[in-house]
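J.: The file below is upload_6.cif, mmCIF, C-alpha atoms and all ligand atoms:
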```
data_start
loop_
_atom_site.label_atom_id
_atom_site.label_comp_id
_atom_site.auth_asym_id
_atom_site.auth_seq_id
_atom_site.Cartn_x
_atom_site.Cartn_y
_atom_site.Cartn_z
CA MET U 23 0.00 0.00 0.00
CA SER U 24 1.40 3.38 -0.97
CA LEU U 25 1.66 5.99 1.73
CA ALA U 26 1.99 8.77 -0.84
CA PRO U 27 -0.96 11.16 -0.84
CA ALA U 28 -3.19 11.35 -3.87
CA ALA U 29 -1.74 13.68 -6.47
CA ASP U 30 -4.54 16.21 -6.10
CA ARG U 31 -3.81 16.52 -2.38
CA ALA U 32 -0.06 16.52 -2.50
CA TYR U 33 0.38 20.04 -1.17
CA PHE U 34 2.76 20.50 1.70
CA ALA U 35 1.17 22.84 4.24
CA ALA U 36 3.53 25.39 5.75
CA PHE U 37 3.46 28.97 7.05
CA LEU U 38 6.12 31.24 5.65
CA ASP U 39 7.66 34.02 7.67
CA LEU U 40 7.96 36.71 5.01
CA ARG U 41 8.06 39.74 7.26
CA GLY U 42 10.12 42.43 5.59
CA ARG U 43 10.86 40.20 2.59
CA PRO U 44 10.23 41.36 -0.99
CA GLY U 45 7.22 40.09 -2.89
CA VAL U 46 5.82 40.91 -6.32
CA VAL U 47 2.20 41.12 -7.37
CA VAL U 48 1.63 41.29 -11.10
CA GLY U 49 -1.72 42.83 -11.95
CA GLY U 50 -3.43 46.09 -11.12
CA GLY U 51 -7.06 45.18 -10.56
CA ARG U 52 -9.25 44.17 -7.68
CA VAL U 53 -7.96 40.60 -7.43
CA ALA U 54 -4.39 41.87 -7.40
CA ALA U 55 -5.38 44.33 -4.66
CA LEU U 56 -6.75 41.47 -2.59
CA LYS U 57 -3.57 39.46 -3.01
CA ALA U 58 -1.39 42.48 -2.25
CA ASP U 59 -3.45 43.07 0.86
CA ALA U 60 -2.94 39.48 2.03
CA LEU U 61 0.81 39.84 1.55
CA LEU U 62 0.88 43.20 3.31
CA ARG U 63 -0.85 41.74 6.30
CA SER U 64 1.97 39.21 6.57
CA GLY U 65 4.54 41.99 6.51
CA VAL U 66 5.76 41.43 2.94
CA ARG U 67 7.34 44.41 1.13
CA VAL U 68 5.07 44.44 -1.86
CA THR U 69 5.83 45.70 -5.35
CA VAL U 70 2.87 45.81 -7.73
CA ILE U 71 3.56 45.71 -11.43
CA ALA U 72 0.88 46.51 -14.02
CA PRO U 73 0.33 49.08 -16.76
CA GLU U 74 -3.02 50.04 -15.26
CA ILE U 75 -3.59 50.27 -11.55
CA CYS U 76 -6.91 50.43 -9.71
CA GLN U 77 -7.76 53.18 -7.25
CA CYS U 78 -7.27 50.91 -4.24
CA LEU U 79 -3.70 50.06 -5.14
CA THR U 80 -2.93 53.65 -6.13
CA GLU U 81 -3.97 54.83 -2.72
CA LEU U 82 -2.02 52.11 -0.97
CA ALA U 83 1.01 53.36 -2.89
CA LEU U 84 0.29 56.96 -1.90
CA VAL U 85 0.75 56.09 1.75
CA GLY U 86 3.79 53.99 1.03
CA ALA U 87 2.19 50.63 1.75
CA VAL U 88 3.16 49.23 -1.67
CA ARG U 89 5.56 50.22 -4.46
CA LEU U 90 3.98 50.62 -7.89
CA GLU U 91 5.59 49.97 -11.26
CA ARG U 92 3.18 51.15 -13.96
CA ARG U 93 4.39 49.01 -16.85
CA ARG U 94 4.21 45.55 -18.27
CA PHE U 95 5.79 42.65 -16.41
CA ALA U 96 9.29 41.50 -17.39
CA PRO U 97 10.76 38.18 -16.18
CA GLY U 98 13.66 40.03 -14.52
CA ASP U 99 11.15 41.62 -12.13
CA LEU U 100 11.22 38.52 -10.01
CA VAL U 101 14.95 38.54 -9.37
CA GLY U 102 15.35 38.85 -5.60
CA ALA U 103 11.64 38.32 -4.92
CA GLU U 104 10.74 35.70 -2.33
CA ILE U 105 7.14 35.32 -3.34
CA ALA U 106 5.24 36.16 -6.52
CA ILE U 107 1.58 36.41 -7.33
CA ALA U 108 0.08 36.88 -10.77
CA ALA U 109 -3.44 38.24 -10.86
CA THR U 110 -3.97 39.67 -14.32
CA ASN U 111 -6.75 38.91 -16.78
CA ASP U 112 -4.16 38.16 -19.45
CA PRO U 113 -3.31 34.42 -19.55
CA VAL U 114 -0.08 35.11 -21.44
CA VAL U 115 1.19 37.44 -18.72
CA ASN U 116 0.12 35.02 -16.00
CA GLU U 117 1.98 32.22 -17.76
CA SER U 118 5.13 34.29 -18.12
CA VAL U 119 5.05 35.19 -14.41
CA SER U 120 4.70 31.53 -13.57
CA ALA U 121 7.55 30.53 -15.90
CA ALA U 122 9.86 33.28 -14.64
CA ALA U 123 9.15 32.40 -11.02
CA ARG U 124 9.77 28.73 -11.55
CA ALA U 125 13.02 29.47 -13.36
CA LEU U 126 14.17 31.57 -10.40
CA ARG U 127 12.70 29.13 -7.84
CA VAL U 128 10.43 31.82 -6.45
CA PRO U 129 7.17 30.46 -4.99
CA VAL U 130 4.42 31.61 -7.31
CA HIS U 131 0.66 31.76 -7.16
CA VAL U 132 -1.44 32.49 -10.23
CA ALA U 133 -4.94 33.57 -9.27
CA GLY U 134 -7.49 31.05 -10.43
CA ASN U 135 -4.91 28.72 -12.00
CA ALA U 136 -3.53 25.99 -9.78
CA ALA U 137 -1.65 24.43 -12.69
CA LEU U 138 0.51 27.55 -13.04
CA SER U 139 0.95 27.91 -9.30
CA SER U 140 3.54 26.38 -7.03
CA PHE U 141 1.37 27.19 -4.01
CA ILE U 142 -2.27 27.81 -3.39
CA LEU U 143 -3.93 30.35 -1.11
CA PRO U 144 -6.70 29.15 1.16
CA SER U 145 -9.89 30.87 0.10
CA VAL U 146 -10.64 31.88 3.71
CA ILE U 147 -7.86 34.43 3.44
CA ASP U 148 -9.74 36.25 0.73
CA ARG U 149 -12.91 36.90 2.66
CA PRO U 150 -11.73 39.32 5.32
CA SER U 151 -9.26 40.74 2.84
CA LEU U 152 -12.07 41.50 0.45
CA GLN U 153 -13.59 43.84 2.96
CA ILE U 154 -10.23 45.33 3.77
CA ALA U 155 -9.47 46.08 0.16
CA ILE U 156 -12.94 47.43 -0.51
CA SER U 157 -12.78 49.87 2.34
CA THR U 158 -9.14 50.75 1.92
CA ALA U 159 -9.80 53.64 -0.44
CA ALA U 160 -11.65 55.80 2.06
CA ASP U 161 -9.24 54.95 4.83
CA VAL U 162 -6.16 55.83 2.89
CA VAL U 163 -7.48 59.22 1.84
CA ASP U 164 -8.14 59.97 5.50
CA ARG U 165 -4.77 58.73 6.59
CA LYS U 166 -3.07 61.45 4.59
CA ARG U 167 -4.48 64.19 6.77
CA GLY U 168 -4.76 62.38 10.07
CA PHE U 169 -7.74 60.54 11.29
CA VAL U 170 -9.05 59.22 14.58
CA SER U 171 -11.07 56.04 14.92
CA LEU U 172 -12.84 55.83 18.23
CA VAL U 173 -13.05 52.08 18.60
CA GLY U 174 -15.01 49.93 21.01
CA ALA U 175 -12.89 46.96 22.07
CA GLY U 176 -15.75 45.03 23.64
CA PRO U 177 -15.86 43.67 27.18
CA GLY U 178 -12.64 41.67 27.18
CA ASP U 179 -12.67 38.48 25.15
CA PRO U 180 -10.60 39.47 22.09
CA GLU U 181 -12.88 37.41 19.87
CA LEU U 182 -15.66 39.87 20.61
CA LEU U 183 -13.87 42.59 18.70
CA THR U 184 -15.70 43.50 15.50
CA LEU U 185 -14.13 42.88 12.11
CA ARG U 186 -14.19 46.60 11.47
CA ALA U 187 -12.38 47.31 14.74
CA LEU U 188 -9.72 44.78 13.81
CA ARG U 189 -9.32 46.32 10.38
CA VAL U 190 -8.87 49.87 11.63
CA MET U 191 -6.48 48.65 14.33
CA GLN U 192 -4.35 47.03 11.69
CA ALA U 193 -4.30 50.23 9.67
CA ALA U 194 -3.46 52.54 12.57
CA SER U 195 0.00 53.89 13.30
CA VAL U 196 -0.87 54.81 16.91
CA VAL U 197 -3.20 53.14 19.37
CA LEU U 198 -4.24 54.93 22.56
CA TYR U 199 -5.80 52.41 24.87
CA ASP U 200 -7.61 52.34 28.17
CA HIS U 201 -7.25 50.38 31.34
CA LEU U 202 -10.18 48.13 30.45
CA VAL U 203 -8.73 47.01 27.13
CA SER U 204 -7.19 43.59 27.66
CA PRO U 205 -3.52 43.17 26.58
CA PRO U 206 -4.23 40.55 23.87
CA LEU U 207 -6.50 43.10 22.21
CA VAL U 208 -3.78 45.72 22.14
CA GLU U 209 -1.55 43.12 20.51
CA LEU U 210 -3.94 42.97 17.58
CA ALA U 211 -2.73 46.38 16.44
CA ARG U 212 -0.33 46.56 13.53
CA ARG U 213 3.06 45.23 14.51
CA ASP U 214 4.81 48.56 14.13
CA ALA U 215 2.03 50.66 15.64
CA GLU U 216 2.90 52.82 18.61
CA ARG U 217 0.84 51.75 21.64
CA ILE U 218 0.17 54.36 24.28
CA TYR U 219 -1.52 53.51 27.57
CA VAL U 220 -3.72 56.37 28.65
CA GLY U 221 -5.26 54.53 31.59
CA LYS U 222 -8.47 55.60 33.21
CA GLU U 223 -9.05 53.24 36.04
CA GLN U 224 -11.75 54.83 38.11
CA ASP U 225 -10.11 57.75 39.92
CA ASN U 226 -6.69 56.70 38.65
CA HIS U 227 -6.22 58.25 35.25
CA ALA U 228 -2.80 57.73 33.67
CA LEU U 229 -3.61 60.84 31.66
CA PRO U 230 -6.38 63.28 32.52
CA GLN U 231 -9.17 63.43 29.94
CA ALA U 232 -8.08 66.84 28.65
CA GLN U 233 -4.60 65.47 27.97
CA ILE U 234 -5.99 62.43 26.19
CA ASN U 235 -8.01 64.76 23.97
CA ALA U 236 -4.97 66.94 23.31
CA LEU U 237 -2.84 63.90 22.49
CA MET U 238 -5.37 62.62 19.95
CA VAL U 239 -5.53 66.02 18.31
CA ARG U 240 -1.76 66.34 18.15
CA LEU U 241 -1.22 62.87 16.70
CA ALA U 242 -3.92 63.39 14.09
CA ARG U 243 -2.40 66.76 13.14
CA GLU U 244 0.89 64.96 12.56
CA GLY U 245 -1.00 63.07 9.85
CA LYS U 246 -1.24 59.87 11.86
CA ARG U 247 -4.01 57.39 11.72
CA VAL U 248 -4.99 57.07 15.37
CA VAL U 249 -7.09 54.42 17.05
CA ARG U 250 -8.57 55.43 20.35
CA LEU U 251 -9.37 52.02 21.81
CA LYS U 252 -11.89 51.92 24.61
CA GLY U 253 -13.44 49.10 26.60
CA GLY U 254 -16.94 48.03 25.59
CA ASP U 255 -18.70 50.58 23.45
CA PRO U 256 -17.25 54.10 23.24
CA PHE U 257 -20.66 55.72 23.52
CA ILE U 258 -21.82 53.83 26.61
CA PHE U 259 -20.27 55.28 29.75
CA GLY U 260 -17.11 55.69 27.74
CA ARG U 261 -16.74 59.44 27.34
CA GLY U 262 -16.77 58.82 23.61
CA GLY U 263 -19.00 61.83 23.07
CA GLU U 264 -16.59 64.14 24.89
CA GLU U 265 -13.63 62.89 22.90
CA ILE U 266 -15.43 63.35 19.60
CA GLU U 267 -16.44 66.87 20.60
CA ALA U 268 -12.77 67.66 21.21
CA LEU U 269 -11.86 66.32 17.77
CA LEU U 270 -14.64 68.32 16.15
CA GLU U 271 -13.44 71.51 17.84
CA HIS U 272 -10.07 71.02 16.18
CA GLY U 273 -11.44 69.96 12.80
CA ILE U 274 -10.07 66.41 13.06
CA ALA U 275 -11.81 63.78 10.92
CA PHE U 276 -13.07 60.79 12.86
CA GLU U 277 -15.24 57.71 12.86
CA VAL U 278 -16.81 55.68 15.65
CA VAL U 279 -16.61 51.90 15.64
CA PRO U 280 -19.11 50.46 18.09
CA GLY U 281 -18.16 47.67 20.45
CA ILE U 282 -20.02 45.10 22.50
CA THR U 283 -20.89 46.89 25.69
CA ALA U 284 -20.17 45.27 29.06
CA ALA U 285 -23.85 44.72 29.82
CA ALA U 286 -24.35 42.73 26.63
CA GLY U 287 -21.13 40.76 27.11
CA ALA U 288 -21.72 40.08 30.81
CA ALA U 289 -25.33 39.08 30.28
CA SER U 290 -24.55 36.68 27.45
CA TYR U 291 -21.57 35.07 29.17
CA ALA U 292 -23.45 34.76 32.45
CA GLY U 293 -26.51 33.20 30.80
CA ILE U 294 -28.82 36.08 31.69
CA PRO U 295 -30.91 37.40 28.80
CA LEU U 296 -31.37 41.13 29.39
CA THR U 297 -34.90 40.93 28.01
CA HIS U 298 -37.30 38.03 27.91
CA ARG U 299 -40.91 37.99 26.82
CA ASP U 300 -42.00 36.54 30.14
CA TYR U 301 -39.90 38.63 32.51
CA ALA U 302 -38.56 41.89 31.13
CA GLN U 303 -39.71 43.97 28.21
CA SER U 304 -37.19 46.72 28.78
CA CYS U 305 -33.68 47.13 30.04
CA VAL U 306 -31.96 50.22 31.41
CA PHE U 307 -28.24 50.88 31.57
CA VAL U 308 -27.19 53.09 34.44
CA THR U 309 -23.95 54.13 36.10
CA GLY U 310 -23.54 53.40 39.79
CA HIS U 311 -20.49 55.60 40.04
CA LEU U 312 -20.73 57.58 43.24
CA LYS U 313 -20.84 61.34 43.08
CA ASP U 314 -20.29 63.08 46.39
CA GLY U 315 -20.52 59.74 48.18
CA SER U 316 -24.03 58.85 47.05
CA ALA U 317 -25.46 57.04 44.05
CA GLN U 318 -27.68 59.71 42.50
CA LEU U 319 -30.00 57.49 40.59
CA ASP U 320 -33.47 57.94 39.19
CA TRP U 321 -34.92 55.34 41.53
CA ASP U 322 -38.46 55.59 40.18
CA ALA U 323 -37.27 54.83 36.67
CA LEU U 324 -35.14 51.93 37.93
CA THR U 325 -37.81 50.20 39.96
CA ARG U 326 -40.38 49.84 37.17
CA PRO U 327 -41.77 46.34 36.82
CA ASN U 328 -40.83 43.96 34.01
CA GLN U 329 -37.52 45.66 33.52
CA THR U 330 -33.88 44.63 33.82
CA VAL U 331 -31.42 47.08 35.33
CA ALA U 332 -27.78 46.85 34.31
CA VAL U 333 -25.52 48.92 36.54
CA TYR U 334 -22.04 49.87 35.33
CA MET U 335 -19.38 50.91 37.83
CA GLY U 336 -21.63 49.76 40.63
CA VAL U 337 -19.32 47.57 42.72
CA GLY U 338 -18.26 50.34 45.11
CA ALA U 339 -21.84 51.34 45.81
CA LEU U 340 -23.37 47.87 45.55
CA ALA U 341 -24.88 47.89 49.03
CA GLN U 342 -26.32 51.36 48.56
CA ILE U 343 -27.76 50.51 45.18
CA CYS U 344 -29.42 47.29 46.35
CA ARG U 345 -30.78 49.06 49.42
CA GLY U 346 -32.01 52.01 47.35
CA LEU U 347 -33.88 49.75 44.96
CA VAL U 348 -35.67 48.06 47.86
CA GLU U 349 -36.42 51.37 49.55
CA HIS U 350 -37.99 52.58 46.33
CA GLY U 351 -40.31 49.65 45.95
CA MET U 352 -38.48 46.64 44.53
CA ARG U 353 -39.01 43.37 46.36
CA GLY U 354 -36.04 42.33 48.46
CA SER U 355 -36.28 38.89 46.85
CA THR U 356 -35.65 40.33 43.37
CA PRO U 357 -32.81 38.29 41.88
CA ALA U 358 -29.57 40.09 41.19
CA ALA U 359 -26.07 39.14 40.06
CA VAL U 360 -22.69 40.74 39.69
CA VAL U 361 -20.53 39.59 36.82
CA GLU U 362 -16.86 40.27 37.36
CA LYS U 363 -14.38 40.30 34.44
CA ALA U 364 -17.16 39.29 32.12
CA THR U 365 -16.27 37.29 29.00
CA LEU U 366 -12.72 36.65 30.18
CA ALA U 367 -11.43 33.29 31.35
CA GLU U 368 -11.44 34.64 34.91
CA GLN U 369 -15.11 35.63 34.78
CA ARG U 370 -16.93 35.18 38.11
CA VAL U 371 -20.62 35.49 38.75
CA VAL U 372 -22.03 36.08 42.20
CA GLU U 373 -25.75 35.66 42.39
CA GLY U 374 -28.26 36.50 45.09
CA THR U 375 -31.15 38.83 45.77
CA LEU U 376 -31.33 42.52 46.50
CA LEU U 377 -31.17 41.62 50.18
CA THR U 378 -28.21 39.25 49.98
CA LEU U 379 -26.07 40.20 47.02
CA ALA U 380 -23.99 42.97 48.56
CA GLU U 381 -22.82 40.73 51.41
CA LYS U 382 -22.06 37.87 49.08
CA ALA U 383 -20.10 40.08 46.73
CA LYS U 384 -18.14 41.44 49.66
CA ALA U 385 -17.43 37.94 50.94
CA GLY U 386 -16.36 36.90 47.46
CA ARG U 387 -14.16 40.02 47.14
CA VAL U 388 -15.78 41.04 43.89
CA ALA U 389 -13.75 43.83 42.32
CA PRO U 390 -14.08 46.03 39.24
CA PRO U 391 -14.65 45.62 36.42
CA ALA U 392 -17.95 44.10 37.35
CA LEU U 393 -21.48 44.64 36.20
CA LEU U 394 -24.60 44.42 38.32
CA ILE U 395 -27.72 42.94 36.76
CA VAL U 396 -31.00 43.22 38.61
CA GLY U 397 -34.29 41.67 37.56
CA GLU U 398 -36.29 38.49 37.18
CA VAL U 399 -34.19 37.50 34.17
CA VAL U 400 -31.35 36.64 36.54
CA ARG U 401 -33.32 33.51 37.47
CA LEU U 402 -32.83 32.19 33.96
CA ARG U 403 -29.15 31.79 34.64
CA ALA U 404 -29.90 28.54 36.46
CA LYS U 405 -30.96 27.11 33.08
CA LEU U 406 -29.02 29.18 30.59
CA SER U 407 -25.56 29.46 32.07
CA TRP U 408 -23.13 28.05 29.53
CA PHE U 409 -19.72 29.70 29.90
CA GLY U 410 -17.07 27.67 31.73
CA ALA U 411 -17.46 25.23 34.58
CA THR U 412 -19.57 26.19 37.54
CA ALA U 413 -18.37 25.51 41.07
CA PRO U 414 -19.59 26.83 44.42
CA THR U 415 -17.12 29.26 46.03
CA GLN U 416 -18.28 28.87 49.60
CA ALA U 417 -19.95 26.20 51.70
CA SER U 418 -23.24 27.98 51.70
CA SER U 419 -26.80 27.00 51.02
CA ALA U 420 -27.40 30.35 49.40
CA ARG U 421 -26.92 30.68 45.66
CA GLU U 422 -23.49 32.07 45.15
CA GLU U 423 -21.61 30.86 42.16
CA THR U 424 -18.25 31.41 40.69
CA THR U 425 -17.91 30.66 37.06
CA GLN U 426 -14.44 30.10 35.74
CA GLY U 427 -13.93 30.18 32.06
CA SER U 428 -12.17 27.13 30.80
C1 LIG U 501 -16.16 53.36 32.42
S1 LIG U 501 -17.30 52.07 32.22
C2 LIG U 501 -16.99 51.69 30.54
C3 LIG U 501 -18.10 50.95 29.89
C4 LIG U 501 -17.80 50.58 28.47
N1 LIG U 501 -17.74 51.76 27.64
C5 LIG U 501 -18.82 49.61 27.92
O1 LIG U 501 -19.56 49.94 26.99
O2 LIG U 501 -18.85 48.48 28.41
C6 LIG U 501 -16.54 50.78 33.07
C7 LIG U 501 -17.49 49.80 33.67
O3 LIG U 501 -17.98 48.93 32.69
C8 LIG U 501 -18.22 47.66 33.25
N2 LIG U 501 -17.35 46.68 32.60
C9 LIG U 501 -16.47 46.89 31.62
N3 LIG U 501 -15.88 45.75 31.25
C10 LIG U 501 -16.40 44.80 32.03
C11 LIG U 501 -16.22 43.40 32.15
N4 LIG U 501 -15.35 42.73 31.37
N5 LIG U 501 -16.93 42.74 33.07
C12 LIG U 501 -17.81 43.37 33.85
N6 LIG U 501 -18.04 44.68 33.77
C13 LIG U 501 -17.34 45.38 32.89
C14 LIG U 501 -17.89 47.78 34.72
O4 LIG U 501 -19.06 48.09 35.40
C15 LIG U 501 -16.92 48.91 34.71
O5 LIG U 501 -16.84 49.54 35.97
#
```
What does the file become when written as structure tokens?
T.:
Amino acid sequence: MSLAPAADRAYFAAFLDLRGRPGVVVGGGRVAALKADALLRSGVRVTVIAPEICQCLTELALVGAVRLERRRFAPGDLVGAEIAIAATNDPVVNESVSAAARALRVPVHVAGNAALSSFILPSVIDRPSLQIAISTAADVVDRKRGFVSLVGAGPGDPELLTLRALRVMQAASVVLYDHLVSPPLVELARRDAERIYVGKEQDNHALPQAQINALMVRLAREGKRVVRLKGGDPFIFGRGGEEIEALLEHGIAFEVVPGITAAAGAASYAGIPLTHRDYAQSCVFVTGHLKDGSAQLDWDALTRPNQTVAVYMGVGALAQICRGLVEHGMRGSTPAAVVEKATLAEQRVVEGTLLTLAEKAKAGRVAPPALLIVGEVVRLRAKLSWFGATAPTQASSAREETTQGS
């Protein structure tokens, strides 16, 4: 019995480290742009050769991402190249690229023609790239005069970043990030991007807000493409509005990329639907951050029936908030939970009622970032909890649970 693989599956799978190495893309259209983009994202120094070049590639060249040679391909173009891709609509040119590459022992891929290729590209690569190439034009124009993307990084799990957030992070030359943005997320920025921690733990700002605003403005004025990366969603208790106002005042172009807010992330990963036809037809997001030592909340609005209340920054005032809700008419037996470090492997959920939760959270040393969820929907967690293994934290008959992500 032969151990050799069937001829049509005889590819040897490998990942090439081509960072900083020269590569050639022959072709100036959309497919060539996609291939160039895939190479760029692996750090290849790309030269594009074609007599006619599409807008996308032209703009990539304008910002120095690729080198353009507006002419026909010549076999000598591949001397020194470490990878070559032909993506023209002229079979003769594609064939000559393939022949030249093989003669020089340069790995070559001809789009849509495996017979002329010495390697194939998995089609999955093309899908995200497609979007990148399509939206590159607008981005590159903006990059020339500085641009700020206010980006929501989501609640913690890097996989909850949106595709758009990832794309702008990979295009940015500077990333200003907050305390709540987890380190693996910051790592998703372009390899050579400058990463600046601007902090903002409650009451412990690495940079005061005014300085963060000034820094964004200065970097954008230097022509940089800046990502301002914030935990959750920038427009939900994230001061995103204030930062955008500062940019507007200085005439800086910007965009806002929404993120998954902590309430959505915490609720999903704790198995607590924020709304449910049987239990809650509305949900309010509120900050529990103390001002002058007291949680100044609209208690009447919070204690409406058939509603879920999600409290951000409520750990410090947990006892006051739970007490206030009861004093303003909520039943003491209303279920409530705090979700600490939601969506991360270390996520913990402490569950109780308005009468018991504060004590349990204290005993369990719940610390920020944590989100308080109050309402009948919390009961559903008993059925719907799915994230990680569940183990009791204390020998207690009361319902207190710690969920560790696996
Ligand atoms: C300044 S607010 C920022 C909210 C953020 N813009 C958002 O949309 O999620 C910070 C608060 O969000 C909540 N939070 C953020 N990330 C969290 C997480 N991973 N788990 C639990 N709560 C979180 C906590 O209540 C924390 O105190």
J.: How would you report the residues lying within 7 Å of ligand LIG 501 (chain U), as a ChimeraX atom specification, if you count all atoms listed in the file?
T.: /U:176-178,202,252-260,282-285,288,333-336,361-366,390-393
J.: Keeping C-alpha atoms for every residue in the selection just given, could you write it to a file as a short mmCIF file (atom, residue, chain, number, x, y, z; two decimals), in the frame of the given file?
T.:
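Writing done, so here's out.cif:
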```cif
data_model
loop_
_atom_site.label_atom_id
_atom_site.label_comp_id
_atom_site.auth_asym_id
_atom_site.auth_seq_id
_atom_site.Cartn_x
_atom_site.Cartn_y
_atom_site.Cartn_z
CA GLY U 176 -15.75 45.03 23.64
CA PRO U 177 -15.86 43.67 27.18
CA GLY U 178 -12.64 41.67 27.18
CA LEU U 202 -10.18 48.13 30.45
CA LYS U 252 -11.89 51.92 24.61
CA GLY U 253 -13.44 49.10 26.60
CA GLY U 254 -16.94 48.03 25.59
CA ASP U 255 -18.70 50.58 23.45
CA PRO U 256 -17.25 54.10 23.24
CA PHE U 257 -20.66 55.72 23.52
CA ILE U 258 -21.82 53.83 26.61
CA PHE U 259 -20.27 55.28 29.75
CA GLY U 260 -17.11 55.69 27.74
CA ILE U 282 -20.02 45.10 22.50
CA THR U 283 -20.89 46.89 25.69
CA ALA U 284 -20.17 45.27 29.06
CA ALA U 285 -23.85 44.72 29.82
CA ALA U 288 -21.72 40.08 30.81
CA VAL U 333 -25.52 48.92 36.54
CA TYR U 334 -22.04 49.87 35.33
CA MET U 335 -19.38 50.91 37.83
CA GLY U 336 -21.63 49.76 40.63
CA VAL U 361 -20.53 39.59 36.82
CA GLU U 362 -16.86 40.27 37.36
CA LYS U 363 -14.38 40.30 34.44
CA ALA U 364 -17.16 39.29 32.12
CA THR U 365 -16.27 37.29 29.00
CA LEU U 366 -12.72 36.65 30.18
CA PRO U 390 -14.08 46.03 39.24
CA PRO U 391 -14.65 45.62 36.42
CA ALA U 392 -17.95 44.10 37.35
CA LEU U 393 -21.48 44.64 36.20
#
```
J.: Can you work out which one of U:Arg94, U:Arg261, U:Lys57, U:His298 has the shortest atom-to-atom distance to Val114 of chain U, counting only C-alpha atoms?
T.: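 Looking at the shortest contact to Val114 of chain U, the residue is U:Arg94.
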J.: With all atoms listed in the file as the basis for distance, which of U:Arg299, U:Lys382, U:Arg67, U:Arg247 is at the shortest distance from Arg41 of chain U?
T.: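 Smallest distance to Arg41 of chain U is found for U:Arg67.
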J.: Using 12 Å as the limit and counting all atoms listed in the file, can you tabulate each residue of segment 54-93 of chain U that touches segment 126-139 of chain U, with its shortest atom-to-atom distance in Å and the two atoms involved, as a tab-separated table?
T.:
```
residue	atom	partner	partner_atom	distance
U:Ala54	CA	U:Ala133	CA	8.5
U:Ala55	CA	U:Ala133	CA	11.7
U:Leu56	CA	U:Ala133	CA	10.5
U:Lys57	CA	U:Ala133	CA	8.7
U:Ala58	CA	U:Ala133	CA	11.9
U:Leu61	CA	U:His131	CA	11.9
```
J.: Skip Val48 of chain U itself and residues of its chain fewer than 4 positions away, then list as number ranges by chain all residues within 8 Å of it, counting all atoms listed in the file.
T.: U: 54, 70-72, 95, 106-110, 119
J.: Restricting the calculation to only C-alpha atoms: of U:Val68, U:Val196, U:Pro180, U:Asp99, which residue gets closest to Ala87 of chain U?
T.: U:Val68
J.: In Å, how far is it from atom CA of Asp200 of chain U to atom CA of Arg63 of chain U?
T.: 25.2 Å
J.: Quick one: of U:Glu265, U:Glu74, U:Glu244, U:Glu398, who's nearest to Ser171 of chain U, counting only C-alpha atoms?
T.: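 Under the stated criterion, the closest residue is U:Glu265.
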J.: Find the residues near Val197 of chain U: any atom within 9 Å, counting all atoms listed in the file, skip ones fewer than 3 places away on the same chain, and give them as a ChimeraX atom specification.
T.: /U:191,194,208,211,215-219,247-251
J.: Can you pull out every residue within 12 Å of Asp320 of chain U, counting only C-alpha atoms, but drop anything in the same chain fewer than 5 positions away, and send it as a list in words?
T.: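 Listing them by chain and then by number gives Val306, Phe307, Val308, Thr309, Gly310, Thr325, Arg326, Val331, Ile343, Gly346, Leu347 and His350 of chain U.
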J.: Between U:Leu376, U:Ala341, U:Ala332, U:Val170, single out the one closest to Arg353 of chain U, counting only C-alpha atoms.
T.: U:Leu376
J.: Looking at U:Arg186, U:Phe409, U:Gln342, U:Ala404, which one is nearest to Arg370 of chain U, with distances taken over all atoms listed in the file?
T.: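 So, comparing all the options, the nearest one is U:Phe409.
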J.: By how many Å are atom CA of Phe141 of chain U and atom CA of Gly86 of chain U apart?
T.: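 Separation between atom CA of Phe141 of chain U and atom CA of Gly86 of chain U: 27.4 Å.
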J.: Interatomic distance between atom CA of Gly65 of chain U and atom CA of Gln77 of chain U?
T.: 21.6 Å
